[in-house]
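S.K.: Following this line is start.json, made up of JSON, C-alpha atoms:
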[["chain", "number", "residue", "atom", "x", "y", "z"],
["A", 1, "MET", "CA", -45.59, -63.86, 2.31],
["A", 2, "ALA", "CA", -47.71, -61.05, 3.67],
["A", 3, "PHE", "CA", -45.20, -60.71, 6.54],
["A", 4, "GLU", "CA", -41.60, -59.51, 6.68],
["A", 5, "SER", "CA", -40.41, -61.87, 9.43],
["A", 6, "LEU", "CA", -41.47, -64.86, 11.49],
["A", 7, "ASN", "CA", -41.92, -62.61, 14.51],
["A", 8, "GLU", "CA", -44.28, -60.40, 12.60],
["A", 9, "PHE", "CA", -46.19, -63.46, 11.42],
["A", 10, "LEU", "CA", -46.56, -64.75, 14.98],
["A", 11, "SER", "CA", -47.62, -61.40, 16.42],
["A", 12, "MET", "CA", -50.12, -60.72, 13.57],
["A", 13, "GLY", "CA", -49.83, -57.00, 14.16],
["A", 14, "THR", "CA", -51.42, -56.81, 17.59],
["A", 15, "HIS", "CA", -53.93, -59.56, 16.84],
["A", 16, "GLY", "CA", -51.72, -62.61, 17.48],
["A", 17, "PRO", "CA", -53.51, -63.88, 20.59],
["A", 18, "PHE", "CA", -56.90, -63.63, 18.87],
["A", 19, "VAL", "CA", -55.92, -65.27, 15.60],
["A", 20, "TRP", "CA", -53.82, -68.06, 17.14],
["A", 21, "SER", "CA", -56.31, -68.93, 19.86],
["A", 22, "VAL", "CA", -59.01, -69.38, 17.18],
["A", 23, "TYR", "CA", -56.78, -71.69, 15.14],
["A", 24, "GLY", "CA", -55.65, -73.58, 18.25],
["A", 25, "ILE", "CA", -59.17, -74.20, 19.56],
["A", 26, "SER", "CA", -60.38, -75.17, 16.08],
["A", 27, "LEU", "CA", -57.53, -77.62, 15.57],
["A", 28, "VAL", "CA", -58.33, -79.36, 18.87],
["A", 29, "LEU", "CA", -62.06, -79.57, 18.10],
["A", 30, "LEU", "CA", -61.52, -80.77, 14.52],
["A", 31, "PHE", "CA", -59.07, -83.38, 15.71],
["A", 32, "GLY", "CA", -61.72, -84.49, 18.21],
["A", 33, "CYS", "CA", -64.20, -84.93, 15.34],
["A", 34, "TYR", "CA", -61.70, -86.99, 13.39],
["A", 35, "PHE", "CA", -60.62, -89.15, 16.32],
["A", 36, "SER", "CA", -64.06, -89.86, 17.76],
["A", 37, "SER", "CA", -65.50, -90.74, 14.34],
["A", 38, "MET", "CA", -62.67, -93.05, 13.37],
["A", 39, "LYS", "CA", -62.77, -94.70, 16.80],
["A", 40, "ALA", "CA", -66.56, -95.15, 16.65],
["A", 41, "LYS", "CA", -66.25, -97.26, 13.51],
["A", 42, "LYS", "CA", -63.23, -99.26, 14.71],
["A", 43, "ASP", "CA", -64.72, -99.97, 18.15],
["A", 44, "GLN", "CA", -67.97, -101.14, 16.62],
["A", 45, "ILE", "CA", -66.17, -103.52, 14.27],
["A", 46, "LYS", "CA", -64.15, -104.93, 17.20],
["A", 47, "ARG", "CA", -67.23, -105.31, 19.37],
["A", 48, "LEU", "CA", -69.19, -107.16, 16.68],
["A", 49, "LYS", "CA", -66.22, -109.32, 15.78],
["A", 50, "GLN", "CA", -65.91, -110.57, 19.37],
["A", 51, "ARG", "CA", -69.64, -111.17, 19.51],
["A", 52, "TYR", "CA", -69.74, -113.17, 16.28],
["A", 53, "LEU", "CA", -66.74, -115.26, 17.29],
["A", 54, "ARG", "CA", -68.37, -115.98, 20.66],
["A", 55, "GLU", "CA", -71.57, -117.02, 18.92],
["A", 56, "GLN", "CA", -69.68, -119.31, 16.58],
["A", 57, "LYS", "CA", -68.07, -121.11, 19.53],
["A", 58, "SER", "CA", -71.27, -121.67, 21.45],
["B", 1, "MET", "CA", -83.92, -88.68, -14.40],
["B", 2, "ASN", "CA", -82.35, -91.82, -13.04],
["B", 3, "TRP", "CA", -83.15, -92.32, -9.36],
["B", 4, "ILE", "CA", -81.37, -95.63, -8.86],
["B", 5, "TRP", "CA", -78.52, -93.94, -6.92],
["B", 6, "PHE", "CA", -81.09, -92.52, -4.49],
["B", 7, "HIS", "CA", -82.58, -95.94, -3.79],
["B", 8, "LYS", "CA", -79.11, -97.43, -3.49],
["B", 9, "LEU", "CA", -78.12, -94.80, -0.92],
["B", 10, "GLY", "CA", -81.14, -95.93, 1.09],
["B", 11, "SER", "CA", -79.66, -99.41, 1.40],
["B", 12, "PRO", "CA", -77.37, -99.76, 4.45],
["B", 13, "LYS", "CA", -75.29, -102.44, 2.75],
["B", 14, "TRP", "CA", -74.74, -100.45, -0.39],
["B", 15, "PHE", "CA", -73.94, -97.34, 1.64],
["B", 16, "PHE", "CA", -71.45, -99.15, 3.85],
["B", 17, "GLN", "CA", -69.49, -100.47, 0.90],
["B", 18, "TRP", "CA", -69.70, -97.20, -0.98],
["B", 19, "ALA", "CA", -68.41, -95.35, 2.12],
["B", 20, "ASN", "CA", -65.56, -97.82, 2.49],
["B", 21, "LYS", "CA", -64.40, -96.65, -0.90],
["B", 22, "TRP", "CA", -65.04, -92.90, -0.66],
["B", 23, "SER", "CA", -64.72, -91.84, 3.00],
["B", 24, "LYS", "CA", -60.91, -91.76, 3.05],
["B", 25, "PHE", "CA", -60.81, -90.00, -0.28],
["B", 26, "ALA", "CA", -63.19, -87.27, 0.91],
["B", 27, "PHE", "CA", -61.33, -86.94, 4.20],
["B", 28, "PHE", "CA", -57.84, -86.61, 2.70],
["B", 29, "ILE", "CA", -58.86, -84.24, -0.08],
["B", 30, "GLY", "CA", -60.71, -82.23, 2.58],
["B", 31, "VAL", "CA", -57.71, -82.01, 4.91],
["B", 32, "LEU", "CA", -55.43, -81.13, 2.00],
["B", 33, "LEU", "CA", -57.64, -78.29, 0.72],
["B", 34, "LEU", "CA", -58.26, -77.04, 4.25],
["B", 35, "THR", "CA", -54.53, -76.96, 4.96],
["B", 36, "ILE", "CA", -53.74, -75.12, 1.73],
["B", 37, "GLY", "CA", -56.56, -72.63, 2.33],
["B", 38, "VAL", "CA", -55.57, -71.94, 5.94],
["B", 39, "VAL", "CA", -51.82, -71.61, 5.26],
["B", 40, "TRP", "CA", -52.54, -69.33, 2.31],
["B", 41, "GLY", "CA", -54.99, -67.29, 4.34],
["B", 42, "LEU", "CA", -52.76, -67.01, 7.39],
["B", 43, "GLY", "CA", -49.47, -66.29, 5.71],
["B", 44, "PHE", "CA", -49.99, -65.03, 2.19],
["B", 45, "ALA", "CA", -53.31, -63.23, 1.82],
["B", 46, "PRO", "CA", -52.97, -59.46, 2.28],
["B", 47, "ALA", "CA", -54.08, -57.88, 5.58],
["B", 48, "ASP", "CA", -57.48, -56.20, 5.62],
["B", 49, "TYR", "CA", -57.25, -52.42, 5.33],
["B", 50, "GLN", "CA", -59.70, -51.91, 8.20],
["B", 51, "GLN", "CA", -59.38, -54.97, 10.40],
["B", 52, "GLY", "CA", -55.68, -55.68, 9.94],
["B", 53, "ASN", "CA", -54.68, -59.27, 10.62],
["B", 54, "SER", "CA", -57.64, -60.24, 12.79],
["B", 55, "PHE", "CA", -59.59, -60.80, 9.57],
["B", 56, "ARG", "CA", -57.56, -64.01, 9.06],
["B", 57, "ILE", "CA", -59.98, -65.64, 11.50],
["B", 58, "ILE", "CA", -62.35, -65.68, 8.51],
["B", 59, "TYR", "CA", -60.64, -68.82, 7.13],
["B", 60, "ILE", "CA", -62.04, -70.82, 10.07],
["B", 61, "HIS", "CA", -65.11, -68.77, 10.91],
["B", 62, "VAL", "CA", -66.82, -68.76, 7.51],
["B", 63, "PRO", "CA", -66.20, -72.43, 6.56],
["B", 64, "THR", "CA", -67.47, -73.67, 9.94],
["B", 65, "ALA", "CA", -70.48, -71.33, 9.83],
["B", 66, "ILE", "CA", -71.37, -72.56, 6.32],
["B", 67, "LEU", "CA", -70.94, -76.20, 7.36],
["B", 68, "ALA", "CA", -73.03, -75.69, 10.50],
["B", 69, "GLN", "CA", -75.90, -74.57, 8.25],
["B", 70, "SER", "CA", -75.31, -77.17, 5.52],
["B", 71, "CYS", "CA", -75.28, -79.98, 8.10],
["B", 72, "TYR", "CA", -78.55, -78.71, 9.49],
["B", 73, "LEU", "CA", -80.06, -78.53, 6.01],
["B", 74, "GLY", "CA", -79.00, -82.16, 5.64],
["B", 75, "LEU", "CA", -80.65, -83.00, 8.97],
["B", 76, "GLY", "CA", -83.88, -81.35, 7.86],
["B", 77, "VAL", "CA", -83.96, -83.14, 4.51],
["B", 78, "ALA", "CA", -83.12, -86.45, 6.21],
["B", 79, "GLY", "CA", -85.89, -85.71, 8.71],
["B", 80, "ILE", "CA", -88.43, -85.34, 5.89],
["B", 81, "VAL", "CA", -87.14, -88.49, 4.15],
["B", 82, "SER", "CA", -87.28, -90.34, 7.45],
["B", 83, "LEU", "CA", -90.85, -89.30, 8.24],
["B", 84, "VAL", "CA", -92.30, -89.62, 4.71],
["B", 85, "TRP", "CA", -90.43, -92.56, 3.13],
["B", 86, "ARG", "CA", -89.01, -94.24, 6.26],
["B", 87, "MET", "CA", -85.71, -94.86, 4.54],
["B", 88, "LYS", "CA", -83.32, -96.66, 6.87],
["B", 89, "MET", "CA", -80.35, -94.41, 6.20],
["B", 90, "ALA", "CA", -82.14, -91.16, 7.07],
["B", 91, "PRO", "CA", -82.13, -91.57, 10.88],
["B", 92, "VAL", "CA", -78.57, -92.91, 10.64],
["B", 93, "PHE", "CA", -77.58, -89.68, 8.89],
["B", 94, "ILE", "CA", -79.27, -87.51, 11.52],
["B", 95, "LYS", "CA", -77.64, -89.35, 14.41],
["B", 96, "ALA", "CA", -74.18, -89.26, 12.82],
["B", 97, "VAL", "CA", -74.19, -85.68, 11.54],
["B", 98, "ALA", "CA", -75.84, -83.84, 14.46],
["B", 99, "PRO", "CA", -72.70, -83.91, 16.68],
["B", 100, "LEU", "CA", -70.54, -82.74, 13.76],
["B", 101, "GLY", "CA", -72.93, -79.89, 13.02],
["B", 102, "ALA", "CA", -72.85, -78.96, 16.70],
["B", 103, "VAL", "CA", -69.05, -78.76, 16.64],
["B", 104, "MET", "CA", -69.18, -76.63, 13.48],
["B", 105, "ALA", "CA", -71.66, -74.23, 15.11],
["B", 106, "LEU", "CA", -69.54, -74.15, 18.27],
["B", 107, "ILE", "CA", -66.35, -73.28, 16.36],
["B", 108, "ALA", "CA", -68.24, -70.62, 14.39],
["B", 109, "LEU", "CA", -69.52, -69.10, 17.66],
["B", 110, "ILE", "CA", -66.15, -69.23, 19.46],
["B", 111, "SER", "CA", -64.17, -67.90, 16.49],
["B", 112, "GLY", "CA", -66.80, -65.19, 16.02],
["B", 113, "ALA", "CA", -66.53, -64.15, 19.67],
["B", 114, "ILE", "CA", -62.73, -63.99, 19.50],
["B", 115, "TRP", "CA", -62.95, -62.02, 16.24],
["B", 116, "GLY", "CA", -65.58, -59.71, 17.74],
["B", 117, "LYS", "CA", -63.36, -58.55, 20.59],
["B", 118, "PRO", "CA", -60.70, -56.69, 18.55],
["B", 119, "THR", "CA", -63.20, -55.68, 15.85],
["B", 120, "TRP", "CA", -66.32, -54.57, 17.76],
["B", 121, "GLY", "CA", -64.87, -54.29, 21.25],
["B", 122, "ALA", "CA", -67.20, -57.00, 22.56],
["B", 123, "TRP", "CA", -67.04, -60.80, 22.76],
["B", 124, "TRP", "CA", -70.78, -61.14, 22.37],
["B", 125, "VAL", "CA", -73.75, -58.98, 21.45],
["B", 126, "TRP", "CA", -77.38, -60.09, 21.21],
["B", 127, "ASP", "CA", -77.42, -59.32, 17.54],
["B", 128, "ALA", "CA", -79.83, -61.19, 15.21],
["B", 129, "ARG", "CA", -77.07, -63.13, 13.40],
["B", 130, "LEU", "CA", -75.27, -64.21, 16.56],
["B", 131, "THR", "CA", -78.47, -65.13, 18.34],
["B", 132, "SER", "CA", -79.85, -67.18, 15.43],
["B", 133, "VAL", "CA", -76.58, -69.14, 15.19],
["B", 134, "LEU", "CA", -76.69, -69.72, 18.95],
["B", 135, "ILE", "CA", -80.20, -71.12, 18.43],
["B", 136, "LEU", "CA", -78.80, -73.36, 15.68],
["B", 137, "PHE", "CA", -76.25, -74.70, 18.17],
["B", 138, "LEU", "CA", -78.99, -75.27, 20.75],
["B", 139, "LEU", "CA", -81.11, -77.10, 18.14],
["B", 140, "TYR", "CA", -78.21, -79.47, 17.52],
["B", 141, "MET", "CA", -77.83, -80.01, 21.27],
["B", 142, "GLY", "CA", -81.56, -80.72, 21.50],
["B", 143, "VAL", "CA", -81.34, -83.33, 18.72],
["B", 144, "ILE", "CA", -78.35, -85.00, 20.42],
["B", 145, "ALA", "CA", -79.98, -84.93, 23.87],
["B", 146, "ILE", "CA", -83.25, -86.46, 22.65],
["B", 147, "GLN", "CA", -81.47, -89.09, 20.59],
["B", 148, "ASN", "CA", -79.54, -90.18, 23.67],
["B", 149, "SER", "CA", -82.31, -89.95, 26.24],
["B", 150, "LEU", "CA", -84.91, -92.18, 24.53],
["B", 151, "ASP", "CA", -84.24, -95.90, 24.84],
["B", 152, "ASP", "CA", -86.83, -96.83, 22.22],
["B", 153, "MET", "CA", -84.82, -96.36, 19.03],
["B", 154, "GLN", "CA", -87.80, -95.99, 16.71],
["B", 155, "LEU", "CA", -89.35, -93.37, 18.94],
["B", 156, "ALA", "CA", -86.00, -91.53, 19.19],
["B", 157, "ASP", "CA", -85.60, -91.60, 15.40],
["B", 158, "LYS", "CA", -89.06, -90.15, 14.93],
["B", 159, "ALA", "CA", -88.60, -87.47, 17.58],
["B", 160, "VAL", "CA", -85.27, -86.21, 16.20],
["B", 161, "ALA", "CA", -86.68, -86.28, 12.65],
["B", 162, "VAL", "CA", -89.52, -84.00, 13.76],
["B", 163, "ILE", "CA", -87.18, -81.54, 15.54],
["B", 164, "SER", "CA", -84.81, -81.54, 12.56],
["B", 165, "VAL", "CA", -87.63, -80.59, 10.21],
["B", 166, "VAL", "CA", -89.11, -77.95, 12.55],
["B", 167, "GLY", "CA", -85.66, -76.40, 13.08],
["B", 168, "LEU", "CA", -85.31, -75.77, 9.34],
["B", 169, "ILE", "CA", -87.22, -72.53, 9.90],
["B", 170, "ASN", "CA", -84.09, -71.17, 11.58],
["B", 171, "LEU", "CA", -81.96, -71.42, 8.41],
["B", 172, "PRO", "CA", -83.55, -68.58, 6.39],
["B", 173, "ILE", "CA", -83.56, -66.55, 9.61],
["B", 174, "ILE", "CA", -79.78, -66.99, 9.89],
["B", 175, "LYS", "CA", -79.23, -66.19, 6.22],
["B", 176, "TYR", "CA", -81.35, -63.07, 6.09],
["B", 177, "SER", "CA", -80.74, -61.88, 9.66],
["B", 178, "VAL", "CA", -78.07, -59.47, 8.43],
["B", 179, "GLU", "CA", -80.55, -57.95, 5.96],
["B", 180, "TRP", "CA", -83.79, -57.97, 7.93],
["B", 181, "TRP", "CA", -82.33, -56.50, 11.10],
["B", 182, "ASN", "CA", -79.78, -53.83, 11.73],
["B", 183, "THR", "CA", -76.97, -56.08, 12.91],
["B", 184, "LEU", "CA", -73.45, -55.47, 14.10],
["B", 185, "HIS", "CA", -72.44, -58.56, 12.14],
["B", 186, "GLN", "CA", -71.32, -57.68, 8.64],
["B", 187, "PRO", "CA", -73.33, -58.93, 5.62],
["B", 188, "ALA", "CA", -72.02, -61.90, 3.64],
["B", 189, "THR", "CA", -68.63, -61.26, 2.01],
["B", 190, "PHE", "CA", -68.30, -64.75, 0.63],
["B", 191, "THR", "CA", -70.46, -65.51, -2.38],
["B", 192, "ILE", "CA", -70.03, -67.86, -5.29],
["B", 193, "THR", "CA", -72.89, -66.55, -7.39],
["B", 194, "ALA", "CA", -72.04, -62.85, -7.37],
["B", 195, "LYS", "CA", -68.77, -60.98, -7.70],
["B", 196, "PRO", "CA", -67.07, -61.39, -4.30],
["B", 197, "ALA", "CA", -66.78, -58.33, -2.06],
["B", 198, "MET", "CA", -63.12, -59.08, -1.45],
["B", 199, "PRO", "CA", -60.06, -59.34, -3.68],
["B", 200, "MET", "CA", -59.19, -62.69, -5.28],
["B", 201, "GLU", "CA", -56.13, -63.23, -3.03],
["B", 202, "MET", "CA", -58.45, -63.23, -0.03],
["B", 203, "TRP", "CA", -61.35, -65.04, -1.68],
["B", 204, "LEU", "CA", -59.55, -68.04, -3.19],
["B", 205, "PRO", "CA", -58.07, -69.35, 0.09],
["B", 206, "LEU", "CA", -61.51, -68.93, 1.63],
["B", 207, "LEU", "CA", -63.02, -71.00, -1.19],
["B", 208, "LEU", "CA", -60.39, -73.71, -0.66],
["B", 209, "SER", "CA", -60.84, -73.86, 3.11],
["B", 210, "THR", "CA", -64.62, -74.02, 2.70],
["B", 211, "LEU", "CA", -64.42, -76.85, 0.15],
["B", 212, "GLY", "CA", -61.86, -78.54, 2.41],
["B", 213, "MET", "CA", -64.18, -78.33, 5.39],
["B", 214, "TYR", "CA", -66.93, -79.98, 3.31],
["B", 215, "GLY", "CA", -64.57, -82.84, 2.43],
["B", 216, "PHE", "CA", -63.39, -83.26, 6.02],
["B", 217, "ILE", "CA", -66.93, -83.39, 7.40],
["B", 218, "ALA", "CA", -68.11, -85.70, 4.59],
["B", 219, "GLY", "CA", -65.30, -88.13, 5.42],
["B", 220, "VAL", "CA", -65.80, -88.25, 9.19],
["B", 221, "ALA", "CA", -69.59, -88.29, 8.78],
["B", 222, "MET", "CA", -69.31, -91.43, 6.63],
["B", 223, "TRP", "CA", -67.31, -93.19, 9.37],
["B", 224, "ARG", "CA", -69.90, -92.27, 11.99],
["B", 225, "MET", "CA", -72.71, -93.45, 9.71],
["B", 226, "GLN", "CA", -70.90, -96.71, 9.07],
["B", 227, "ALA", "CA", -70.54, -97.27, 12.83],
["B", 228, "GLU", "CA", -74.26, -96.65, 13.27],
["B", 229, "VAL", "CA", -75.15, -98.98, 10.37],
["B", 230, "LEU", "CA", -73.14, -101.74, 12.08],
["B", 231, "VAL", "CA", -75.09, -101.22, 15.31],
["B", 232, "ARG", "CA", -78.46, -101.30, 13.60],
["B", 233, "GLU", "CA", -77.81, -104.08, 11.11],
["B", 234, "HIS", "CA", -75.72, -106.41, 13.27],
["B", 235, "ARG", "CA", -78.04, -109.32, 12.58],
["B", 236, "ALA", "CA", -77.60, -109.09, 8.82],
["B", 237, "ASN", "CA", -75.35, -111.63, 7.14],
["B", 238, "TRP", "CA", -73.51, -109.06, 5.11],
["B", 239, "VAL", "CA", -72.50, -107.23, 8.32],
["B", 240, "LYS", "CA", -71.16, -110.44, 9.78],
["B", 241, "LYS", "CA", -69.12, -111.08, 6.67],
["B", 242, "GLU", "CA", -67.90, -107.49, 6.51],
["B", 243, "VAL", "CA", -66.82, -107.55, 10.18],
["B", 244, "LEU", "CA", -65.14, -110.94, 10.12],
["B", 245, "ASP", "CA", -63.26, -110.09, 6.92],
["B", 246, "ASN", "CA", -62.08, -106.80, 8.40],
["B", 247, "GLY", "CA", -58.46, -106.78, 9.50],
["B", 248, "ILE", "CA", -58.97, -104.82, 12.74]]
I need this file expressed as structure tokens, please.
M.R.:
Amino acid sequence: MAFESLNEFLSMGTHGPFVWSVYGISLVLLFGCYFSSMKAKKDQIKRLKQRYLREQKS
Amino acid sequence: MNWIWFHKLGSPKWFFQWANKWSKFAFFIGVLLLTIGVVWGLGFAPADYQQGNSFRIIYIHVPTAILAQSCYLGLGVAGIVSLVWRMKMAPVFIKAVAPLGAVMALIALISGAIWGKPTWGAWWVWDARLTSVLILFLLYMGVIAIQNSLDDMQLADKAVAVISVVGLINLPIIKYSVEWWNTLHQPATFTITAKPAMPMEMWLPLLLSTLGMYGFIAGVAMWRMQAEVLVREHRANWVKKEVLDNGI
């Protein structure tokens, strides 16, 4: 570890708010990329499935 | 040289099945490397002798900035392929990757601003590097806006291909901005070709987080492209089979 204690790690010298806000914002945005992309594929498969099944019935 | 793989990649069916196999792999390897790189960088790399601990922002800032440019390079190449050879997968790539590139540019800009405050004393300066990356972000937003505002899909594909190609001019400007102009932004510290300007314990986690970011984006980009292929090819028999066989 580059830090002596957990407190020191969290405070990052005096730069804690800067470092942690960057990682927090990035985590949220990256998760958004993951979630929206996965959902796009799943939703499209569901949508087409319903459509094909409807077409088969009629 | 064997070009069969290139022609195969141009086939939506082949791509879809190939992505089924590789997207998760790319995604998980990406997340794993990114996690290792970030934890190493945050907790174990030594503090910078000038910037102290604020330099740890580099493990997000540099990978996202590199990806923002790589994604745009991809857009530009796909734009050329789309306009010259009319390959079906090229506009799919542009549509799927533009939002991801925009997020990468946005994270690079935000993390840069937050890093700038303790280091330069300012969130933002109209420096050549910062401005050219802001333009990159705006180019992405332009591509996304035009893609969504034109109802005629073929026209939209052509329009975004043209912007993607024209916007390529911005990439060398970003790269050389720190050399051509007297910028506040520091020159590149992360190189693979030359001896890095930082010690190994700082450079290796940066390499891992950059490779990880490539894997992450490759994985999610494949899912987005697959979704778009389904939209465009929904009349094809193979799509019908693929969808009905899918367990969702």
S.K.: Which residues come within 7 Å of Ala65 in chain B, counting all atoms listed in the file, excluding same-chain residues fewer than 5 positions away, as an mmCIF file with C-alpha atoms, in the coordinates of the input?
M.R.:
data_model
loop_
_atom_site.group_PDB
_atom_site.id
_atom_site.type_symbol
_atom_site.label_atom_id
_atom_site.label_comp_id
_atom_site.auth_asym_id
_atom_site.auth_seq_id
_atom_site.Cartn_x
_atom_site.Cartn_y
_atom_site.Cartn_z
ATOM 1 C CA MET B 104 -69.180 -76.630 13.480
ATOM 2 C CA ALA B 105 -71.660 -74.230 15.110
ATOM 3 C CA ALA B 108 -68.240 -70.620 14.390
#
S.K.: Show me, as a compact mmCIF listing (two decimals) with C-alpha atoms, in the frame of the given file, the residues of chain B whose atoms get within 7 Å of chain A, using all atoms listed in the file for the distance check.
M.R.:
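Okay, out-v4.txt is ready:
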# COMPACT_ATOMS: atom_id res chain seq x y z
CA GLY B 43 -49.47 -66.29 5.71
CA PHE B 44 -49.99 -65.03 2.19
CA ALA B 45 -53.31 -63.23 1.82
CA PRO B 46 -52.97 -59.46 2.28
CA ASN B 53 -54.68 -59.27 10.62
CA SER B 54 -57.64 -60.24 12.79
CA ARG B 56 -57.56 -64.01 9.06
CA ILE B 57 -59.98 -65.64 11.50
CA LEU B 100 -70.54 -82.74 13.76
CA ILE B 107 -66.35 -73.28 16.36
CA SER B 111 -64.17 -67.90 16.49
CA ILE B 114 -62.73 -63.99 19.50
CA TRP B 115 -62.95 -62.02 16.24
CA VAL B 220 -65.80 -88.25 9.19
CA TRP B 223 -67.31 -93.19 9.37
CA ARG B 224 -69.90 -92.27 11.99
CA GLN B 226 -70.90 -96.71 9.07
CA ALA B 227 -70.54 -97.27 12.83
CA LEU B 230 -73.14 -101.74 12.08
CA VAL B 243 -66.82 -107.55 10.18
CA LEU B 244 -65.14 -110.94 10.12
CA ILE B 248 -58.97 -104.82 12.74
S.K.: Give the centre and edge lengths of an axis-aligned box, in Å to one decimal, that holds all listed atoms of range 27-39 of chain A with 3 Å on each side, as JSON.
M.R.:
{"center_x": -61.5, "center_y": -86.2, "center_z": 16.1, "size_x": 14.0, "size_y": 23.1, "size_z": 11.5}
S.K.: Could you work out how far CA of Val38 in chain B lies from CA of Met202 in chain B, giving the answer in Å with one decimal?
M.R.: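 Those two atoms sit 10.9 Å apart.
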S.K.: Applying 12 Å and only C-alpha atoms, which residues near Val92 in chain B remain after dropping the ones on its own chain fewer than 5 positions away? List them as a JSON list (two decimals) with C-alpha atoms, in the coordinates of the input.
M.R.:
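Output (part.json):
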[["chain", "number", "residue", "atom", "x", "y", "z"],
["B", 9, "LEU", "CA", -78.12, -94.80, -0.92],
["B", 10, "GLY", "CA", -81.14, -95.93, 1.09],
["B", 11, "SER", "CA", -79.66, -99.41, 1.40],
["B", 12, "PRO", "CA", -77.37, -99.76, 4.45],
["B", 15, "PHE", "CA", -73.94, -97.34, 1.64],
["B", 16, "PHE", "CA", -71.45, -99.15, 3.85],
["B", 74, "GLY", "CA", -79.00, -82.16, 5.64],
["B", 75, "LEU", "CA", -80.65, -83.00, 8.97],
["B", 78, "ALA", "CA", -83.12, -86.45, 6.21],
["B", 79, "GLY", "CA", -85.89, -85.71, 8.71],
["B", 81, "VAL", "CA", -87.14, -88.49, 4.15],
["B", 82, "SER", "CA", -87.28, -90.34, 7.45],
["B", 86, "ARG", "CA", -89.01, -94.24, 6.26],
["B", 87, "MET", "CA", -85.71, -94.86, 4.54],
["B", 97, "VAL", "CA", -74.19, -85.68, 11.54],
["B", 98, "ALA", "CA", -75.84, -83.84, 14.46],
["B", 147, "GLN", "CA", -81.47, -89.09, 20.59],
["B", 153, "MET", "CA", -84.82, -96.36, 19.03],
["B", 154, "GLN", "CA", -87.80, -95.99, 16.71],
["B", 156, "ALA", "CA", -86.00, -91.53, 19.19],
["B", 157, "ASP", "CA", -85.60, -91.60, 15.40],
["B", 158, "LYS", "CA", -89.06, -90.15, 14.93],
["B", 160, "VAL", "CA", -85.27, -86.21, 16.20],
["B", 161, "ALA", "CA", -86.68, -86.28, 12.65],
["B", 221, "ALA", "CA", -69.59, -88.29, 8.78],
["B", 222, "MET", "CA", -69.31, -91.43, 6.63],
["B", 223, "TRP", "CA", -67.31, -93.19, 9.37],
["B", 224, "ARG", "CA", -69.90, -92.27, 11.99],
["B", 225, "MET", "CA", -72.71, -93.45, 9.71],
["B", 226, "GLN", "CA", -70.90, -96.71, 9.07],
["B", 227, "ALA", "CA", -70.54, -97.27, 12.83],
["B", 228, "GLU", "CA", -74.26, -96.65, 13.27],
["B", 229, "VAL", "CA", -75.15, -98.98, 10.37],
["B", 230, "LEU", "CA", -73.14, -101.74, 12.08],
["B", 231, "VAL", "CA", -75.09, -101.22, 15.31],
["B", 232, "ARG", "CA", -78.46, -101.30, 13.60],
["B", 233, "GLU", "CA", -77.81, -104.08, 11.11]]
S.K.: Calculate how many Å separate CA of Leu134 in chain B from CA of Pro91 in chain B, rounding to one decimal.
M.R.: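 For CA of Leu134 in chain B relative to CA of Pro91 in chain B, the distance reads 23.9 Å.
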S.K.: For CA of Leu34 in chain B and CA of Leu206 in chain B, determine how far apart the two atoms are, in Å to one decimal place.
M.R.: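 Value for the CA of Leu34 in chain B-CA of Leu206 in chain B distance: 9.1 Å.
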S.K.: Counting all atoms listed in the file, which of B:Tyr140, B:Trp124, B:Trp181, B:Tyr59 gets nearest to Thr35 in chain B?
M.R.: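 For Thr35 in chain B, the nearest of the candidates is B:Tyr59.
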S.K.: Which of these, B:Lys195, B:Leu207, B:Leu184, B:Gly52, has the shortest distance to Gly121 in chain B once you count only C-alpha atoms?
M.R.: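 Closest to Gly121 in chain B of all the choices is B:Leu184.
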